[in-house]
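Written out below as structure tokens is the structure these notes cover.
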Amino acid sequence: MSHARLWSRVGAAMLGAALVLFIVGPLAKLLLMATPGDLGAALADREVREALVLTVLTATTATLLGAVLGLPLAYALARARFPGRRLLQSVLELPVVIPHPVAGIALLLFLGRATPLGGALGRLGLEVVSHAPGIVAAMLFVSVPILVSGAQQAFAAVDPKLERVARTLGDTPWRAFRRVTLPLAGRGVLAAGILAWARSVSEFGAIVILTYHPKVASVLIYDRFTTFGLPAAVPVAVVLLLVAITVLTLTRLLQPAGQT
Amino acid sequence: MIRLERLVVRAGDFTLGPLALDLPTGGYGLVIGPTGSGKTTLLEAIAGHSPAADGRIWLDGREVTREPPERRGIGFVYQHYHLFPHRSVEQNIAYGLPRNGQGAEVRVRELAELLGIAPLLERRIQGLSGGEMQRVALARALAPRPRVLLLDEPLSAADPAARQRLRRELRALHDREGITTLQVTHNFEEALQLGDRVAVLADGRIAQDGPPEEVFRYPNSPFVARFIGAGTVLAGTVRRVEEAGTAGRHSGPFAGIFTSGPVRLQVIAEREGPTHAVLRPEHLVLSRDVPSGTARNHLSATVSAVETTGPVVHVQLDAGVPLHATITHTSAEALGLARGHDVVVTVKATAIHLF
């Protein structure tokens, strides 16, 4: 190996190492800050437990709602070529590039009690702002692009000729989807769903504007930090970090070998 | 039976048809054409995957133009087989059979025995050889007893040795099951060996169809002649030669002179004027000197290239127009052919096909 190539490799390795350290360092420090005793105390705290339960329930609702609304669309985007397809794709990417407080404000203006939609939902008993549905709305808004684009990729990876073979063998379109496409894209769709769920759990900016109370975990951490200071926020933060690491491990396990 | 009436299919900028095709029940039809000529689009239209913009499709006496694929009774084998990767060999073959049906297991076993893949039934798809995958794909397509079998370049993924064997097996399978089969290929040899009928597709239209031997001997256009490798195609004109005793007879074949640039050939023609002549490579005889005999056309030519491929020697010649001849190794050695040598090319008037 030439000297120039050797040095360029050493250089790349050192830059990469600095970046990895920048990510791992703070998280490791955070994990080490909380003793098992602190964690136990945090989990014994009723407000913390309620926040975690609320977070899990709202994130799950947002993900399932996103799946019902988004999976047919993801399949259409993967299979069909239609006018406006690129525009639609761009619209679905919008929530990713919008600052989340901005998303929160936009949702507030759209779903607030004084708005026609918010008023109508309120009369149906579905209060959005300052209630759990507001959390779900914020989570759905920020996480659904991840679900749709992930599922779209998973569907696109299934050769449409497999579906055509199934059709000639007697399957209706829905039956071919159920017997061929879904089993083959299933892992990818599930991985996209888990990532969207994790994105919902980690959301703060949009939720805090729509629904400060009842508090989800991220809002609770912020609340403890501003009210009681850093030591009070750390144990709750560690619990949320552990949830995130578990979710990431799960999605990695779901991906087929050789694919990252 | 497959009958297409003025079928038109649009796929993006490409338009297939209008085209007509008639394949009797139990027939084996081949559609050949270069890449992009619309072969796969044609099969997918018959299967119902691409909608017909115009015209009608009949299968076994029933019009299916607007029927969805699952109600057409078609078996389809793609070029790359497209077996279901999440199912075993057995589950692939049984895919189109009613579940829990008593007959399903029997039918799977019967086809597996017929195609020699019974030992593979429990296996996963991953790790099967190309030949094995093809048999599984065929068994899967045949299992529900389709009325029509459509094959999309089924042999192109096999190596040359296996291709020859698979070709024989395909024909035997067809004859045994008696199923109307339409196969697309870009290989004319396959058409000669397999098909009862062949249609040559060019730019979405059928350029010529008929029995393979007839298409091979009497191509009707420069495109078909070149595509099926019929030999050198020369564009030129035919003039009638008035011989004693034939003067005044103006119907039926006559002796004529075909002129193309510096080349003049005696031919048997049916009409005068602009035409094309096909000189088949195996009909050109090469010699050092002008031979004596009945062959009447002699052309002086220079050897521009000699190429040995398998059983024959290909000789590229310059006779004012480029010519291509195939000769045996023995003749090539006897002539001591090499680039730059002068030779005499002899071809019988009756061996020149005009269109």
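Here, A, B, ... name the chains of the structure tokens in the order displayed, residue numbers run from 1 inside each chain, and ligands are numbered from 1 in the same displayed order.
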I'd like the neighbourhood of Arg199 in chain A as a PyMOL selection string, where a residue qualifies if any of its atoms comes within 7 Å (using only C-alpha atoms), though same-chain residues fewer than 4 positions away should be ignored.
chain A and resi 143+195+203
Residues of chain B near chain A: apply a cut-off of 10 Å, count only C-alpha atoms, and supply the list as a ChimeraX atom specification.
/B:44,47-49,68-78,80-87,94-98,137,140-144,146
Can you check which residues of range 18-98 of chain B DSSP gives as strand (DSSP E) on the backbone and send them as a list in words?
Pro18, Leu19, Ala20, Leu21, Asp22, Leu23, Tyr28, Gly29, Leu30, Val31, Ile32, Asp54, Gly55, Arg56, Ile57, Trp58, Leu59, Arg62, Glu63, Ile74, Gly75, Phe76 and Val77 of chain B
Prev. selection, N, CA and C atoms, output as a PDB file, in the first residue's frame:
```pdb
ATOM      1  N   PRO B  18     -51.278  -2.790 -34.287  1.00  0.00           N
ATOM      2  CA  PRO B  18     -52.265  -3.875 -34.230  1.00  0.00           C
ATOM      3  C   PRO B  18     -51.706  -5.169 -34.804  1.00  0.00           C
ATOM      4  N   LEU B  19     -51.977  -6.271 -34.117  1.00  0.00           N
ATOM      5  CA  LEU B  19     -51.491  -7.535 -34.653  1.00  0.00           C
ATOM      6  C   LEU B  19     -52.517  -8.641 -34.510  1.00  0.00           C
ATOM      7  N   ALA B  20     -52.400  -9.607 -35.402  1.00  0.00           N
ATOM      8  CA  ALA B  20     -53.299 -10.747 -35.433  1.00  0.00           C
ATOM      9  C   ALA B  20     -52.457 -12.012 -35.321  1.00  0.00           C
ATOM     10  N   LEU B  21     -53.014 -12.988 -34.603  1.00  0.00           N
ATOM     11  CA  LEU B  21     -52.276 -14.233 -34.421  1.00  0.00           C
ATOM     12  C   LEU B  21     -53.303 -15.336 -34.198  1.00  0.00           C
ATOM     13  N   ASP B  22     -53.030 -16.500 -34.731  1.00  0.00           N
ATOM     14  CA  ASP B  22     -53.952 -17.608 -34.589  1.00  0.00           C
ATOM     15  C   ASP B  22     -53.162 -18.870 -34.313  1.00  0.00           C
ATOM     16  N   LEU B  23     -53.304 -19.393 -33.110  1.00  0.00           N
ATOM     17  CA  LEU B  23     -52.584 -20.621 -32.761  1.00  0.00           C
ATOM     18  C   LEU B  23     -53.630 -21.663 -32.373  1.00  0.00           C
ATOM     19  N   TYR B  28     -47.892 -25.294 -30.813  1.00  0.00           N
ATOM     20  CA  TYR B  28     -46.726 -24.730 -30.144  1.00  0.00           C
ATOM     21  C   TYR B  28     -46.256 -23.558 -31.009  1.00  0.00           C
ATOM     22  N   GLY B  29     -46.513 -22.342 -30.544  1.00  0.00           N
ATOM     23  CA  GLY B  29     -46.152 -21.156 -31.317  1.00  0.00           C
ATOM     24  C   GLY B  29     -44.952 -20.460 -30.722  1.00  0.00           C
ATOM     25  N   LEU B  30     -44.136 -19.928 -31.586  1.00  0.00           N
ATOM     26  CA  LEU B  30     -42.978 -19.174 -31.132  1.00  0.00           C
ATOM     27  C   LEU B  30     -43.096 -17.754 -31.643  1.00  0.00           C
ATOM     28  N   VAL B  31     -42.818 -16.789 -30.772  1.00  0.00           N
ATOM     29  CA  VAL B  31     -42.735 -15.400 -31.207  1.00  0.00           C
ATOM     30  C   VAL B  31     -41.288 -14.996 -31.036  1.00  0.00           C
ATOM     31  N   ILE B  32     -40.637 -14.620 -32.127  1.00  0.00           N
ATOM     32  CA  ILE B  32     -39.247 -14.202 -31.992  1.00  0.00           C
ATOM     33  C   ILE B  32     -39.113 -12.749 -32.391  1.00  0.00           C
ATOM     34  N   ASP B  54     -57.018  -1.852 -27.764  1.00  0.00           N
ATOM     35  CA  ASP B  54     -57.971  -2.119 -28.848  1.00  0.00           C
ATOM     36  C   ASP B  54     -57.835  -3.582 -29.249  1.00  0.00           C
ATOM     37  N   GLY B  55     -58.817  -4.087 -29.983  1.00  0.00           N
ATOM     38  CA  GLY B  55     -58.749  -5.454 -30.474  1.00  0.00           C
ATOM     39  C   GLY B  55     -59.279  -6.458 -29.457  1.00  0.00           C
ATOM     40  N   ARG B  56     -59.162  -7.742 -29.799  1.00  0.00           N
ATOM     41  CA  ARG B  56     -59.744  -8.770 -28.941  1.00  0.00           C
ATOM     42  C   ARG B  56     -58.804  -9.954 -28.761  1.00  0.00           C
ATOM     43  N   ILE B  57     -58.919 -10.594 -27.602  1.00  0.00           N
ATOM     44  CA  ILE B  57     -58.115 -11.770 -27.283  1.00  0.00           C
ATOM     45  C   ILE B  57     -59.072 -12.929 -27.009  1.00  0.00           C
ATOM     46  N   TRP B  58     -58.862 -14.032 -27.714  1.00  0.00           N
ATOM     47  CA  TRP B  58     -59.685 -15.223 -27.509  1.00  0.00           C
ATOM     48  C   TRP B  58     -58.790 -16.348 -27.022  1.00  0.00           C
ATOM     49  N   LEU B  59     -59.251 -17.049 -25.975  1.00  0.00           N
ATOM     50  CA  LEU B  59     -58.546 -18.237 -25.518  1.00  0.00           C
ATOM     51  C   LEU B  59     -59.548 -19.380 -25.488  1.00  0.00           C
ATOM     52  N   ARG B  62     -63.199 -18.540 -26.093  1.00  0.00           N
ATOM     53  CA  ARG B  62     -63.859 -17.614 -25.188  1.00  0.00           C
ATOM     54  C   ARG B  62     -63.123 -16.283 -25.252  1.00  0.00           C
ATOM     55  N   GLU B  63     -63.876 -15.199 -25.385  1.00  0.00           N
ATOM     56  CA  GLU B  63     -63.209 -13.908 -25.431  1.00  0.00           C
ATOM     57  C   GLU B  63     -62.847 -13.477 -24.016  1.00  0.00           C
ATOM     58  N   ILE B  74     -54.469 -19.263 -17.435  1.00  0.00           N
ATOM     59  CA  ILE B  74     -53.178 -19.174 -18.098  1.00  0.00           C
ATOM     60  C   ILE B  74     -52.066 -19.651 -17.175  1.00  0.00           C
ATOM     61  N   GLY B  75     -51.113 -20.353 -17.742  1.00  0.00           N
ATOM     62  CA  GLY B  75     -49.886 -20.670 -17.008  1.00  0.00           C
ATOM     63  C   GLY B  75     -48.784 -19.796 -17.572  1.00  0.00           C
ATOM     64  N   PHE B  76     -48.026 -19.138 -16.702  1.00  0.00           N
ATOM     65  CA  PHE B  76     -47.025 -18.179 -17.174  1.00  0.00           C
ATOM     66  C   PHE B  76     -45.681 -18.536 -16.560  1.00  0.00           C
ATOM     67  N   VAL B  77     -44.671 -18.676 -17.402  1.00  0.00           N
ATOM     68  CA  VAL B  77     -43.314 -18.903 -16.877  1.00  0.00           C
ATOM     69  C   VAL B  77     -42.433 -17.762 -17.355  1.00  0.00           C
TER      70      VAL B  77
END
```
Which residue out of A:Ala191, A:Ala13, A:Val142, A:Ala34 has the minimum interatomic distance to Val238 in chain A when only C-alpha atoms are used?
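Looking at the shortest contact to Val238 in chain A, the residue is A:Ala34.
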Surrounding residues of range 90-95 of chain A excluding itself and chain neighbours under 5 positions, 9 Å, only C-alpha atoms, as JSON, numbers by chain
{"A": [85, 100, 103, 141, 142, 143, 144, 145, 146, 148, 149]}
I want to know what sits within 12 Å of Thr308 in chain B, based on only C-alpha atoms, with residues of the same chain fewer than 2 positions away left out; could you give that as a VMD selection string?
chain B and resid 305 to 306 310 to 316 325 to 329 332 to 333 337 to 338
For range 153-170 of chain B, find every residue with an atom within 8 Å (counting only C-alpha atoms), except residues of its own chain fewer than 5 positions away, and show them as a compact mmCIF listing (two decimals) with N, CA and C atoms, in the first residue's frame.
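Once written, out-v4.txt looks like this:
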```
# COMPACT_ATOMS: atom_id res chain seq x y z
N VAL B 77 -44.67 -18.68 -17.40
CA VAL B 77 -43.31 -18.90 -16.88
C VAL B 77 -42.43 -17.76 -17.36
N TYR B 78 -41.93 -16.99 -16.40
CA TYR B 78 -41.07 -15.86 -16.73
C TYR B 78 -39.65 -16.34 -16.99
N GLN B 79 -38.91 -15.47 -17.69
CA GLN B 79 -37.51 -15.73 -18.02
C GLN B 79 -36.71 -16.13 -16.77
N HIS B 80 -36.90 -15.39 -15.69
CA HIS B 80 -36.12 -15.69 -14.48
C HIS B 80 -36.97 -16.45 -13.47
N TYR B 81 -37.97 -17.14 -13.97
CA TYR B 81 -38.80 -18.10 -13.22
C TYR B 81 -39.71 -17.46 -12.16
N GLY B 130 -30.40 -23.51 -11.96
CA GLY B 130 -31.26 -22.87 -12.96
C GLY B 130 -32.23 -23.86 -13.58
N GLY B 131 -31.74 -25.05 -13.93
CA GLY B 131 -32.58 -26.06 -14.56
C GLY B 131 -33.68 -26.53 -13.61
N GLN B 134 -36.33 -23.92 -13.33
CA GLN B 134 -37.21 -23.90 -14.49
C GLN B 134 -38.29 -24.97 -14.40
N GLN B 183 -44.48 -19.32 -26.86
CA GLN B 183 -43.19 -19.02 -26.24
C GLN B 183 -42.54 -17.85 -26.97
N VAL B 184 -41.95 -16.93 -26.23
CA VAL B 184 -41.19 -15.88 -26.91
C VAL B 184 -39.71 -16.13 -26.71
N THR B 185 -38.93 -15.76 -27.71
CA THR B 185 -37.50 -15.99 -27.67
C THR B 185 -36.84 -15.00 -28.63
N HIS B 186 -35.53 -14.82 -28.48
CA HIS B 186 -34.85 -14.03 -29.51
C HIS B 186 -33.96 -14.94 -30.34
N GLU B 190 -34.29 -21.90 -31.69
CA GLU B 190 -35.32 -22.44 -30.82
C GLU B 190 -36.63 -22.60 -31.59
N GLN B 193 -36.54 -25.57 -33.88
CA GLN B 193 -36.56 -26.86 -33.21
C GLN B 193 -37.90 -27.12 -32.50
N LEU B 194 -38.54 -26.07 -32.00
CA LEU B 194 -39.69 -26.26 -31.12
C LEU B 194 -41.04 -26.01 -31.77
```
Mind checking which residues fall within 9 Å of range 245-256 of chain A, counting only C-alpha atoms, ignoring those fewer than 6 positions away in the same chain, and posting them as a list in words?
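Those residues are Arg187, Gly188, Leu190, Ala191, Ala192, Ile194, Leu195, Trp197 and Ala198 of chain A.
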Those residues with C-alpha atoms, as a tab-separated table (two decimals), in the first residue's frame please?
```tsv
chain	number	residue	atom	x	y	z
A	187	ARG	CA	-40.18	-7.51	7.81
A	188	GLY	CA	-39.42	-4.23	6.06
A	190	LEU	CA	-42.59	-3.92	10.47
A	191	ALA	CA	-39.15	-2.29	10.72
A	192	ALA	CA	-40.60	0.92	9.27
A	194	ILE	CA	-41.01	0.31	14.71
A	195	LEU	CA	-38.92	3.26	13.51
A	197	TRP	CA	-43.09	4.29	16.68
A	198	ALA	CA	-39.66	5.26	18.05
```
What is the distance, in Å and to one decimal place, between CA of Arg296 in chain B and CA of Phe258 in chain B?
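Interatomic distance, CA of Arg296 in chain B to CA of Phe258 in chain B: 13.1 Å.
Summary of the local environment: counting only C-alpha atoms, residues at most 12 Å from Gly40 in chain A, other than itself and those fewer than 3 positions away along its chain, are Ala34, Thr35, Pro36, Gly37, Leu43, Ala44, Asp45, Arg46, Val48, Arg49, Pro235, Val236, Val238 and Val239 of chain A.
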Using DSSP assignments from the backbone, pull out every residue in range 66-223 of chain B that falls under alpha helix (DSSP H) and give it to me as number ranges by chain.
B: 89-93, 102-114, 130-142, 160-177, 188-194, 212-217, 222-223
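Interatomic distance, CA of Thr61 in chain A against CA of Leu39 in chain A: 26.7 Å.
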Residue among A:Ala67, A:Leu32, A:Ala106, A:Leu126 lying closest to Leu241 in chain A, counting only C-alpha atoms:
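Using only C-alpha atoms, Leu241 in chain A sits closest to A:Leu32.
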